[in-house]
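Colleague: To start, I am sharing the structure in question, which I have written as structure tokens.
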Amino acid sequence: MTAETPPSRKTVSDDDTELIRAINAGHAERFPDLVRRYEQKLYNFGRRMCRNESDAEDLVQDTLLNVFRYLNEFRYETKFKNWLYRVAANTCLKKRRRSKFAPEPELSLEELARPEEAETLEQVPEWARMPLEQLLNEELLETLNQAIWSLPEKYRIVMILRDVEEFSTEETAQILNLSPANVKVRLHRARLFLRDRLKGYFSHDL
Amino acid sequence: MTCKPDDHRHCLELFSKLSEYIDREMDEAELREIDAHITECLACLSCLQSLKQTIALCKQTGLQPVPAVFSQKLHSMVQDLQRSR
């Protein structure tokens, strides 16, 4: 009887693979290339996750420290970017768990499904029909950023990964170690919460 | 036109699936059901359009540059890490 060989694992190759393989082969001098490649994305991820700028900077530093420490455990079974965001998300969520004791609030679909529109609506609101370029300004972006920071963290991180970083549902589920169904539920509630905030903003301004 | 009160439960069911509809992450039959519903229900159409606009706005929040001082700090940290290896 022959011993069974383990199934070969699928590896993923992308623009980062050569660099990561080089670093893992001992060329640590190329690590700064990786930092240059991702520092802006990580910084912006941090700024969206953390209202406080120094918390965002800590998140970037701690993430890069963890990447430096654990990069040799990367198995090329996913895109490096996805693995990097998994490290960043874990770093972020661990930090918050250490600093907060109160459980995070849940967003309820029933509360977000307010029926008032059905009673008074005569047409789709103007803000929802306007071209984005006419709608966008600094004040609106500030309102949106404030709304994003107001989201409970477990919803915020899903919304950022899906709608800002544009990871797929499957990728987001892998990054956060959630089921795809759970990602969909959190994403929908996060979007409804933000829509509610924007509705409030536009009801005063338009 | 908006739905009759009897249809409100149906609206709420669809309401819970609007993101999946926007992301095209549902089967054809469900997509067609919502396609048909929003042609008749202004409340759901309004919700759909405002949700789509919200998502579009989130994608426009843009990338800020990394502050130069912080970038320098990061690269010094990396140099220290390399030296310590």
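Convention: chains lettered A, B, ... in structure tokens order; per-chain residue numbering from 1; ligands numbered from 1 as shown.
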Residues of stretch 31-80 of chain B within 12 Å of stretch 189-194 of chain A: nearest atom pair and distance (Å, one decimal) for each, counting only C-alpha atoms, sorted by chain and number, as JSON lines?
Modeller:
{"residue": "B:Cys47", "atom": "CA", "partner": "A:Leu192", "partner_atom": "CA", "distance": 9.1}
{"residue": "B:Leu48", "atom": "CA", "partner": "A:Leu192", "partner_atom": "CA", "distance": 10.2}
{"residue": "B:Gln49", "atom": "CA", "partner": "A:Leu192", "partner_atom": "CA", "distance": 11.8}
{"residue": "B:Ser50", "atom": "CA", "partner": "A:Leu192", "partner_atom": "CA", "distance": 9.3}
{"residue": "B:Leu51", "atom": "CA", "partner": "A:Arg191", "partner_atom": "CA", "distance": 6.9}
{"residue": "B:Lys52", "atom": "CA", "partner": "A:Arg191", "partner_atom": "CA", "distance": 9.1}
{"residue": "B:Gln53", "atom": "CA", "partner": "A:Arg191", "partner_atom": "CA", "distance": 10.2}
{"residue": "B:Thr54", "atom": "CA", "partner": "A:Leu194", "partner_atom": "CA", "distance": 6.9}
{"residue": "B:Ile55", "atom": "CA", "partner": "A:Arg191", "partner_atom": "CA", "distance": 7.0}
{"residue": "B:Ala56", "atom": "CA", "partner": "A:Arg191", "partner_atom": "CA", "distance": 10.8}
{"residue": "B:Leu57", "atom": "CA", "partner": "A:Leu194", "partner_atom": "CA", "distance": 10.1}
{"residue": "B:Cys58", "atom": "CA", "partner": "A:Leu194", "partner_atom": "CA", "distance": 9.1}
Colleague: Find the residues near B:Leu74: any atom within 9 Å, counting only C-alpha atoms, skip ones fewer than 2 places away on the same chain, and give them as a list in words.
Modeller: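 Listing them by chain and then by number gives Val35, Glu39, Val60, Gln61 and Leu64 of chain A; Val69, Phe70, Ser71, Gln72, Ser76, Met77, Val78 and Gln79 of chain B.
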Colleague: Keeping only N, CA, C and O atoms, write those residues as a tab-separated table (two decimals), in the first residue's frame.
Modeller:
chain	number	residue	atom	x	y	z
A	35	VAL	N	7.16	48.42	2.22
A	35	VAL	CA	6.57	49.51	3.02
A	35	VAL	C	6.14	50.64	2.09
A	35	VAL	O	5.03	51.16	2.19
A	39	GLU	N	2.36	51.74	2.29
A	39	GLU	CA	2.18	52.66	3.43
A	39	GLU	C	0.97	53.57	3.26
A	39	GLU	O	0.24	53.83	4.20
A	60	VAL	N	-0.73	51.53	11.81
A	60	VAL	CA	0.16	51.28	10.67
A	60	VAL	C	1.49	50.70	11.17
A	60	VAL	O	1.98	49.70	10.64
A	61	GLN	N	2.04	51.32	12.20
A	61	GLN	CA	3.33	50.83	12.74
A	61	GLN	C	3.23	49.40	13.24
A	61	GLN	O	4.07	48.56	12.93
A	64	LEU	N	2.91	46.91	10.41
A	64	LEU	CA	4.17	46.65	9.71
A	64	LEU	C	5.14	45.84	10.58
A	64	LEU	O	5.87	44.98	10.07
B	69	VAL	N	6.41	63.43	7.94
B	69	VAL	CA	7.08	63.12	9.21
B	69	VAL	C	6.80	61.67	9.62
B	69	VAL	O	7.70	60.93	10.05
B	70	PHE	N	5.53	61.27	9.44
B	70	PHE	CA	5.17	59.90	9.82
B	70	PHE	C	5.85	58.88	8.90
B	70	PHE	O	6.33	57.84	9.36
B	71	SER	N	5.91	59.20	7.62
B	71	SER	CA	6.56	58.29	6.67
B	71	SER	C	8.03	58.09	7.04
B	71	SER	O	8.54	56.96	7.04
B	72	GLN	N	8.69	59.19	7.41
B	72	GLN	CA	10.11	59.09	7.82
B	72	GLN	C	10.23	58.20	9.06
B	72	GLN	O	11.14	57.38	9.16
B	76	SER	N	12.41	54.79	9.40
B	76	SER	CA	13.45	54.62	10.43
B	76	SER	C	13.17	53.36	11.24
B	76	SER	O	14.09	52.61	11.57
B	77	MET	N	11.89	53.14	11.55
B	77	MET	CA	11.53	51.94	12.31
B	77	MET	C	11.95	50.67	11.54
B	77	MET	O	12.51	49.74	12.12
B	78	VAL	N	11.70	50.70	10.23
B	78	VAL	CA	12.05	49.54	9.40
B	78	VAL	C	13.56	49.33	9.38
B	78	VAL	O	14.05	48.20	9.49
B	79	GLN	N	14.32	50.43	9.29
B	79	GLN	CA	15.79	50.30	9.31
B	79	GLN	C	16.26	49.68	10.62
B	79	GLN	O	17.13	48.81	10.63
Colleague: What's around stretch 48-51 of chain A at 7 Å? Count only C-alpha atoms, leave out sequence neighbours fewer than 4 positions away in its own chain, and write the answer as a VMD selection string.
Modeller: chain A and resid 44 55 to 56 149 157
Colleague: Got time to write the residues from that selection, N, CA, C and O atoms, as a PDB file, in the first residue's frame?
Modeller:
ATOM      1  N   ASN A  44      -4.343  55.086   5.097  1.00  0.00           N
ATOM      2  CA  ASN A  44      -5.737  55.468   4.852  1.00  0.00           C
ATOM      3  C   ASN A  44      -6.722  54.486   5.486  1.00  0.00           C
ATOM      4  O   ASN A  44      -7.771  54.890   5.980  1.00  0.00           O
ATOM      5  N   ASP A  55      -3.812  57.169  16.776  1.00  0.00           N
ATOM      6  CA  ASP A  55      -4.219  55.752  16.800  1.00  0.00           C
ATOM      7  C   ASP A  55      -4.017  55.124  15.418  1.00  0.00           C
ATOM      8  O   ASP A  55      -3.603  53.964  15.304  1.00  0.00           O
ATOM      9  N   ALA A  56      -4.322  55.911  14.383  1.00  0.00           N
ATOM     10  CA  ALA A  56      -4.156  55.407  13.014  1.00  0.00           C
ATOM     11  C   ALA A  56      -2.678  55.138  12.738  1.00  0.00           C
ATOM     12  O   ALA A  56      -2.320  54.111  12.149  1.00  0.00           O
ATOM     13  N   TRP A 149     -16.964  56.961  11.163  1.00  0.00           N
ATOM     14  CA  TRP A 149     -16.384  56.788  12.504  1.00  0.00           C
ATOM     15  C   TRP A 149     -17.455  56.477  13.551  1.00  0.00           C
ATOM     16  O   TRP A 149     -17.144  55.908  14.598  1.00  0.00           O
ATOM     17  N   ILE A 157     -15.525  48.061   9.854  1.00  0.00           N
ATOM     18  CA  ILE A 157     -14.408  47.381   9.188  1.00  0.00           C
ATOM     19  C   ILE A 157     -14.909  46.628   7.948  1.00  0.00           C
ATOM     20  O   ILE A 157     -14.244  46.610   6.906  1.00  0.00           O
TER      21      ILE A 157
END
Colleague: DSSP on the backbone: what in chain A comes out helix (DSSP H, G or I), as a compact mmCIF listing (two decimals) with C-alpha atoms, in the first residue's frame?
Modeller:
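New file part_28.txt:
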# COMPACT_ATOMS: atom_id res chain seq x y z
CA THR A 17 4.97 37.64 -5.12
CA GLU A 18 8.51 38.21 -6.39
CA LEU A 19 9.19 40.83 -3.72
CA ILE A 20 7.80 38.71 -0.88
CA ARG A 21 9.76 35.65 -2.02
CA ALA A 22 12.93 37.73 -2.15
CA ILE A 23 12.41 39.09 1.38
CA ASN A 24 11.62 35.61 2.67
CA ALA A 28 15.49 41.87 4.21
CA GLU A 29 16.96 44.98 2.58
CA ARG A 30 13.95 44.89 0.24
CA PHE A 31 11.42 45.23 3.08
CA PRO A 32 11.39 49.04 2.66
CA ASP A 33 10.13 48.47 -0.93
CA LEU A 34 7.13 46.68 0.56
CA VAL A 35 6.57 49.51 3.02
CA ARG A 36 6.69 52.09 0.21
CA ARG A 37 4.23 50.01 -1.79
CA TYR A 38 1.62 49.82 0.97
CA GLU A 39 2.18 52.66 3.43
CA GLN A 40 -0.40 54.96 1.86
CA LYS A 41 -3.09 52.28 1.66
CA LEU A 42 -2.42 51.19 5.25
CA TYR A 43 -2.38 54.77 6.47
CA ASN A 44 -5.74 55.47 4.85
CA PHE A 45 -7.18 52.22 6.19
CA GLY A 46 -5.99 53.33 9.63
CA ARG A 47 -7.45 56.83 9.25
CA ARG A 48 -10.82 55.40 8.32
CA MET A 49 -10.80 52.90 11.15
CA GLU A 53 -4.78 60.31 13.97
CA SER A 54 -2.18 58.98 16.41
CA ASP A 55 -4.22 55.75 16.80
CA ALA A 56 -4.16 55.41 13.01
CA GLU A 57 -0.39 55.86 12.97
CA ASP A 58 0.01 53.28 15.76
CA LEU A 59 -2.10 50.88 13.72
CA VAL A 60 0.16 51.28 10.67
CA GLN A 61 3.33 50.83 12.74
CA ASP A 62 2.04 47.79 14.61
CA THR A 63 0.79 46.23 11.39
CA LEU A 64 4.17 46.65 9.71
CA LEU A 65 5.93 45.27 12.79
CA ASN A 66 3.70 42.19 12.63
CA VAL A 67 4.27 41.84 8.89
CA PHE A 68 8.03 42.00 9.45
CA ARG A 69 7.80 39.37 12.18
CA TYR A 70 5.44 36.96 10.47
CA LEU A 71 6.07 37.40 6.74
CA ASN A 72 7.93 34.08 6.62
CA GLU A 73 4.66 32.40 7.62
CA PHE A 80 -0.31 39.22 -0.30
CA LYS A 81 -2.58 42.28 -0.08
CA ASN A 82 -5.34 40.14 1.46
CA TRP A 83 -2.91 38.68 4.00
CA LEU A 84 -1.65 42.21 4.81
CA TYR A 85 -5.20 43.44 5.48
CA ARG A 86 -5.82 40.39 7.63
CA VAL A 87 -2.80 41.38 9.74
CA ALA A 88 -4.00 45.02 9.81
CA ALA A 89 -7.57 44.02 10.75
CA ASN A 90 -6.37 41.71 13.53
CA THR A 91 -4.03 44.39 14.84
CA CYS A 92 -6.86 46.90 14.83
CA LEU A 93 -9.45 44.65 16.46
CA LYS A 94 -7.00 43.45 19.15
CA LYS A 95 -6.13 47.05 20.00
CA ARG A 96 -9.78 47.94 20.42
CA ARG A 97 -10.50 44.88 22.54
CA ARG A 98 -7.72 45.94 24.90
CA SER A 99 -8.95 49.51 25.19
CA LEU A 109 -32.48 46.26 10.60
CA GLU A 110 -35.91 47.15 12.00
CA GLU A 111 -34.65 50.51 13.21
CA LEU A 112 -32.93 51.21 9.92
CA GLU A 116 -41.73 57.27 6.96
CA GLU A 117 -40.57 57.44 3.37
CA ALA A 118 -43.47 55.31 2.24
CA GLU A 119 -45.95 57.77 3.70
CA THR A 120 -44.59 61.05 2.40
CA GLU A 126 -32.81 64.88 -5.15
CA TRP A 127 -29.50 63.96 -3.46
CA ALA A 128 -29.93 60.35 -4.54
CA ARG A 129 -30.42 61.40 -8.16
CA LEU A 132 -21.64 62.64 -7.79
CA GLU A 133 -19.49 65.51 -9.08
CA GLN A 134 -22.28 67.98 -8.27
CA LEU A 135 -22.79 66.48 -4.86
CA GLU A 138 -15.46 69.07 1.62
CA GLU A 139 -18.39 69.42 4.02
CA LEU A 140 -20.11 66.33 2.65
CA LEU A 141 -16.91 64.28 2.83
CA GLU A 142 -16.41 65.42 6.42
CA THR A 143 -20.01 64.41 7.23
CA LEU A 144 -19.43 61.03 5.62
CA ASN A 145 -16.16 60.47 7.48
CA GLN A 146 -17.85 61.37 10.78
CA ALA A 147 -20.64 58.93 9.95
CA ILE A 148 -18.12 56.18 9.16
CA TRP A 149 -16.38 56.79 12.50
CA SER A 150 -19.77 56.60 14.24
CA GLU A 153 -16.35 48.88 14.67
CA LYS A 154 -17.48 45.46 13.49
CA TYR A 155 -19.72 47.12 10.88
CA ARG A 156 -17.18 49.82 10.02
CA ILE A 157 -14.41 47.38 9.19
CA VAL A 158 -16.66 45.38 6.86
CA MET A 159 -17.89 48.52 5.10
CA ILE A 160 -14.33 49.83 4.63
CA LEU A 161 -13.03 46.53 3.27
CA ARG A 162 -15.98 46.10 0.88
CA ASP A 163 -16.91 49.61 -0.26
CA VAL A 164 -13.68 51.55 0.13
CA THR A 169 -17.47 39.41 -0.05
CA GLU A 170 -15.39 36.19 -0.05
CA GLU A 171 -12.12 38.06 0.44
CA THR A 172 -13.60 40.17 3.24
CA ALA A 173 -14.89 37.02 4.92
CA GLN A 174 -11.41 35.49 4.77
CA ILE A 175 -9.70 38.65 6.02
CA LEU A 176 -12.05 38.91 9.01
CA PRO A 180 -19.79 35.40 3.73
CA ALA A 181 -23.38 35.58 5.02
CA ASN A 182 -22.21 37.47 8.09
CA VAL A 183 -20.23 39.89 5.92
CA LYS A 184 -23.34 40.58 3.84
CA VAL A 185 -25.49 41.24 6.90
CA ARG A 186 -22.97 43.62 8.47
CA LEU A 187 -22.34 45.41 5.19
CA HIS A 188 -26.03 46.02 4.56
CA ARG A 189 -26.58 47.44 8.04
CA ALA A 190 -23.48 49.63 7.76
CA ARG A 191 -24.64 51.01 4.43
CA LEU A 192 -28.14 51.68 5.78
CA PHE A 193 -26.67 53.47 8.80
CA LEU A 194 -24.55 55.71 6.54
CA ARG A 195 -27.51 56.32 4.24
CA ASP A 196 -29.53 57.43 7.26
CA ARG A 197 -26.82 59.91 8.25
CA LEU A 198 -26.62 61.28 4.70
CA LYS A 199 -30.42 61.56 4.57
CA GLY A 200 -30.25 63.64 7.74
CA TYR A 201 -27.52 65.85 6.27
CA PHE A 202 -29.38 66.45 3.02
CA SER A 203 -32.73 67.03 4.69
CA HIS A 204 -31.18 70.13 6.25
CA ASP A 205 -29.25 71.27 3.21
Colleague: Determine the nearest neighbour of chain B from the options A:Asn177, A:Thr11, A:Gln123, A:Asn137, counting only C-alpha atoms.
Modeller: A:Gln123
Colleague: Considering only C-alpha atoms, return as a ChimeraX atom specification whatever protein or nucleic-acid residues lie within 10 Å of B:Leu31, sequence-local ones (same chain, fewer than 6 positions apart) excluded.
Modeller: /B:17-18,20-22,24-25,37
